[in-house]
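Source file: input09.pdb; contents: PDB, C-alpha atoms.
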```
ATOM      1  CA  MET A  19      18.601   1.619   5.448
ATOM      2  CA  ASP A  20      19.247  -1.630   3.551
ATOM      3  CA  ALA A  21      16.585  -4.347   3.573
ATOM      4  CA  HIS A  22      16.144  -7.708   1.862
ATOM      5  CA  THR A  23      13.180 -10.059   1.519
ATOM      6  CA  VAL A  24      13.066 -13.641   0.256
ATOM      7  CA  GLU A  25       9.752 -15.444  -0.073
ATOM      8  CA  LEU A  26       8.802 -18.902  -1.296
ATOM      9  CA  ALA A  27       5.109 -19.600  -1.881
ATOM     10  CA  TYR A  28       3.187 -22.586  -3.187
ATOM     11  CA  VAL A  29      -0.428 -22.719  -4.393
ATOM     12  CA  HIS A  30      -2.065 -26.093  -5.014
ATOM     13  CA  ALA A  31      -5.509 -26.530  -6.586
ATOM     14  CA  LEU A  32      -7.368 -29.470  -5.057
ATOM     15  CA  ASN A  33     -10.256 -29.245  -7.536
ATOM     16  CA  ASN A  34     -12.249 -26.563  -9.405
ATOM     17  CA  ARG A  35     -13.279 -24.862  -6.180
ATOM     18  CA  TRP A  36     -10.649 -25.461  -3.468
ATOM     19  CA  THR A  37      -7.065 -24.155  -3.393
ATOM     20  CA  LEU A  38      -4.475 -24.558  -0.648
ATOM     21  CA  GLU A  39      -1.659 -22.045  -0.091
ATOM     22  CA  GLY A  40       1.593 -22.121   1.838
ATOM     23  CA  SER A  41       4.492 -19.697   2.146
ATOM     24  CA  VAL A  42       7.659 -18.873   4.022
ATOM     25  CA  ARG A  43       9.161 -15.377   4.061
ATOM     26  CA  TYR A  44      12.421 -14.090   5.519
ATOM     27  CA  TYR A  45      13.158 -10.379   5.967
ATOM     28  CA  THR A  46      16.259  -8.540   7.198
ATOM     29  CA  GLN A  47      17.092  -4.877   7.529
ATOM     30  CA  GLU A  48      19.997  -2.771   8.733
ATOM     31  CA  ALA A  49      19.363   0.173  11.026
ATOM     32  CA  ALA A  50      18.813   3.674   9.686
ATOM     33  CA  ASP A  51      21.828   5.986   9.935
ATOM     34  CA  PHE A  52      20.101   8.172  12.522
ATOM     35  CA  TYR A  53      18.837   5.267  14.686
ATOM     36  CA  SER A  54      20.283   4.422  18.089
ATOM     37  CA  ASP A  55      18.968   2.473  21.045
ATOM     38  CA  LEU A  56      20.801   4.780  23.466
ATOM     39  CA  TYR A  57      22.184   8.284  23.074
ATOM     40  CA  GLU A  58      25.095   9.633  25.113
ATOM     41  CA  PHE A  59      23.310  12.842  26.022
ATOM     42  CA  GLU A  60      20.248  14.900  25.090
ATOM     43  CA  ASN A  61      20.482  16.375  21.553
ATOM     44  CA  SER A  62      23.681  14.432  20.842
ATOM     45  CA  GLN A  63      22.695  14.363  17.146
ATOM     46  CA  THR A  64      20.571  16.612  14.966
ATOM     47  CA  HIS A  65      18.319  13.732  13.854
ATOM     48  CA  LEU A  66      17.382  11.127  16.471
ATOM     49  CA  ALA A  67      15.221   8.023  16.303
ATOM     50  CA  ARG A  68      14.665   5.173  18.729
ATOM     51  CA  ASP A  69      11.889   3.559  16.707
ATOM     52  CA  LYS A  70      12.285  -0.240  16.704
ATOM     53  CA  GLU A  71      11.151  -0.377  13.063
ATOM     54  CA  LEU A  72      14.263   1.650  12.136
ATOM     55  CA  SER A  73      16.641  -0.685  14.011
ATOM     56  CA  THR A  74      18.482  -3.776  12.776
ATOM     57  CA  LEU A  75      16.012  -6.652  12.684
ATOM     58  CA  SER A  76      15.060  -9.909  11.026
ATOM     59  CA  GLY A  77      11.705 -11.579  10.661
ATOM     60  CA  THR A  78      10.285 -14.899   9.558
ATOM     61  CA  THR A  79       6.703 -15.502   8.464
ATOM     62  CA  LEU A  80       5.120 -18.908   7.895
ATOM     63  CA  GLY A  81       1.745 -18.848   6.172
ATOM     64  CA  THR A  82      -0.946 -21.316   5.206
ATOM     65  CA  GLY A  83      -4.521 -21.097   4.081
ATOM     66  CA  ALA A  84      -7.408 -22.295   1.974
ATOM     67  CA  VAL A  85      -9.454 -20.562  -0.700
ATOM     68  CA  TYR A  86     -12.901 -21.594  -1.928
ATOM     69  CA  GLU A  87     -14.076 -20.164  -5.263
ATOM     70  CA  TRP A  88     -17.449 -20.684  -6.867
ATOM     71  CA  LYS A  89     -17.675 -19.459 -10.467
ATOM     72  CA  GLN A  90     -20.947 -19.070 -12.383
ATOM     73  CA  THR A  91     -22.999 -19.288  -9.204
ATOM     74  CA  SER A  92     -26.712 -19.956  -9.180
ATOM     75  CA  LEU A  93     -27.175 -16.858  -7.027
ATOM     76  CA  PRO A  94     -28.987 -14.095  -8.965
ATOM     77  CA  GLY A  95     -26.592 -11.345 -10.086
ATOM     78  CA  ILE A  96     -23.450 -13.023  -8.623
ATOM     79  CA  LYS A  97     -20.876 -14.202 -11.205
ATOM     80  CA  ARG A  98     -18.208 -15.354  -8.755
ATOM     81  CA  LEU A  99     -17.934 -15.941  -5.030
ATOM     82  CA  GLN A 100     -14.598 -16.439  -3.272
ATOM     83  CA  PHE A 101     -13.874 -17.031   0.400
ATOM     84  CA  SER A 102     -10.388 -17.294   1.863
ATOM     85  CA  LEU A 103      -9.097 -18.118   5.325
ATOM     86  CA  LEU A 104      -5.369 -17.592   5.857
ATOM     87  CA  LEU A 105      -3.139 -18.014   8.904
ATOM     88  CA  ASP A 106       0.324 -16.458   9.381
ATOM     89  CA  TRP A 107       2.837 -16.966  12.186
ATOM     90  CA  LEU A 108       5.325 -14.096  12.491
ATOM     91  CA  ASN A 109       8.562 -13.971  14.471
ATOM     92  CA  PHE A 110      10.638 -10.782  14.679
ATOM     93  CA  GLU A 111      14.021 -10.447  16.406
ATOM     94  CA  TYR A 112      15.598  -7.031  16.994
ATOM     95  CA  ASP A 113      19.403  -6.992  17.101
ATOM     96  CA  ASP A 114      19.922  -3.575  18.677
ATOM     97  CA  PHE A 115      16.612  -2.528  20.254
ATOM     98  CA  ARG A 116      16.314  -3.161  23.989
ATOM     99  CA  ASP A 117      13.045  -3.973  25.757
ATOM    100  CA  VAL A 118      12.845  -1.246  28.398
ATOM    101  CA  THR A 119       9.550  -2.745  29.646
ATOM    102  CA  ALA A 120      11.225  -6.037  30.662
ATOM    103  CA  LYS A 121      10.796  -6.971  34.311
ATOM    104  CA  GLY A 122      13.958  -6.804  36.396
ATOM    105  CA  ASP A 123      16.572  -4.369  37.639
ATOM    106  CA  PHE A 124      18.458  -3.583  34.444
ATOM    107  CA  LEU A 125      20.872  -0.744  33.920
ATOM    108  CA  PRO A 126      20.278   1.305  30.752
ATOM    109  CA  GLY A 127      21.580  -0.677  27.780
ATOM    110  CA  GLU A 128      21.526  -4.013  29.624
ATOM    111  CA  GLU A 129      17.849  -4.828  29.093
ATOM    112  CA  PRO A 130      17.096  -7.933  26.996
ATOM    113  CA  LEU A 131      16.735  -7.449  23.249
ATOM    114  CA  TYR A 132      13.162  -7.026  22.028
ATOM    115  CA  SER A 133      11.405  -9.760  20.037
ATOM    116  CA  PHE A 134       7.858 -10.897  19.413
ATOM    117  CA  ASP A 135       5.758 -13.665  17.906
ATOM    118  CA  ALA A 136       2.284 -13.163  16.494
ATOM    119  CA  LEU A 137      -0.424 -15.358  15.048
ATOM    120  CA  VAL A 138      -2.428 -13.469  12.414
ATOM    121  CA  THR A 139      -5.641 -14.693  10.801
ATOM    122  CA  ARG A 140      -7.105 -13.185   7.671
ATOM    123  CA  ALA A 141     -10.508 -13.894   6.200
ATOM    124  CA  SER A 142     -11.970 -12.365   3.069
ATOM    125  CA  LEU A 143     -15.112 -12.645   1.001
ATOM    126  CA  ILE A 144     -15.193 -11.536  -2.630
ATOM    127  CA  LEU A 145     -18.414 -11.178  -4.570
ATOM    128  CA  GLU A 146     -18.192 -10.403  -8.289
ATOM    129  CA  TYR A 147     -21.420  -9.254  -9.871
TER     130      TYR A 147
END
```

Can you turn what I pasted into structure tokens?
Amino acid sequence: MDAHTVELAYVHALNNRWTLEGSVRYYTQEAADFYSDLYEFENSQTHLARDKELSTLSGTTLGTGAVYEWKQTSLPGIKRLQFSLLLDWLNFEYDDFRDVTAKGDFLPGEEPLYSFDALVTRASLILEY
């Protein structure tokens, strides 16, 4: 399986405590040698896989977020406090994986190709003591 990733990220400090982040990431991969969406007959190969993560696919991720960091806090025993809130939008397109759950009367191999979008939020709190 061959895969490639390109990512461009930017971090911008607004002041001593606030930082903004942004990124764009593009990912592609070729299918594994033993992957197929359809097989001609049962046990047609010695190694079989119809896992969409082993198929040919591409994905784009757009990310943004903010980080707040408070160094030398006045809180007893806490040296640093950091809070981050990040948001990612993901889009994945599969080039040779069919969506067998799609509504409609499709013959095998004529179903629409699978794809998905997702909105992912991440929050973290770091306390250094």

Evaluate the PyMOL selection byres ((chain A and resi 76) around 7) on the structure here and hand back the selected residues as a PDB file with C-alpha atoms, in the coordinates of the input.
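Listing of out.pdb after writing:
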```
ATOM      1  CA  TYR A  45      13.158 -10.379   5.967  1.00  0.00           C
ATOM      2  CA  THR A  46      16.259  -8.540   7.198  1.00  0.00           C
ATOM      3  CA  GLN A  47      17.092  -4.877   7.529  1.00  0.00           C
ATOM      4  CA  LEU A  75      16.012  -6.652  12.684  1.00  0.00           C
ATOM      5  CA  GLY A  77      11.705 -11.579  10.661  1.00  0.00           C
ATOM      6  CA  PHE A 110      10.638 -10.782  14.679  1.00  0.00           C
ATOM      7  CA  GLU A 111      14.021 -10.447  16.406  1.00  0.00           C
ATOM      8  CA  TYR A 112      15.598  -7.031  16.994  1.00  0.00           C
TER       9      TYR A 112
END
```

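The space between CA of Val24 (chain A) and CA of Val138 (chain A) spans 19.7 Å.
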
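Among A:Ala67, A:Leu105, A:Leu56, A:Gln100, the residue with the shortest atom-to-atom distance to Pro126 (chain A), counting all atoms listed in the file, is A:Leu56.
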
**Prompt:** For the point (-0.6, -13.2, 15.0) in file coordinates, what residues are within 8 Å, counting all atoms listed in the file? Give the answer as a VMD selection string?
**Reply:** chain A and resid 106 to 108 135 to 139

**Message:** Quick check, in Å to one decimal: how far apart do CA of Glu146 (chain A) and CA of Leu104 (chain A) lie?
**Reply:**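 Interatomic distance, CA of Glu146 (chain A) to CA of Leu104 (chain A): 20.4 Å.
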
**Message:** Between CA of Asp20 (chain A) and CA of Phe52 (chain A), what is the distance in Å, rounded to a tenth?
**Reply:** 13.3 Å

Around all of region 72-87 of chain A's listed atoms, make the axis-aligned box with 8 Å on each side and tell me centre and edge lengths in Å to one decimal, as lines of an AutoDock Vina configuration file.
```
center_x = 2.2
center_y = -10.3
center_z = 4.4
size_x = 48.6
size_y = 39.9
size_z = 35.3
```

**Request:** Would you mind telling me which residue in A:Phe115, A:Trp36, A:Phe101, A:Tyr86 lies nearest to Arg68 (chain A) when using only C-alpha atoms?
**Result:**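 Nearest candidate to Arg68 (chain A) out of A:Phe115, A:Trp36, A:Phe101, A:Tyr86: A:Phe115.
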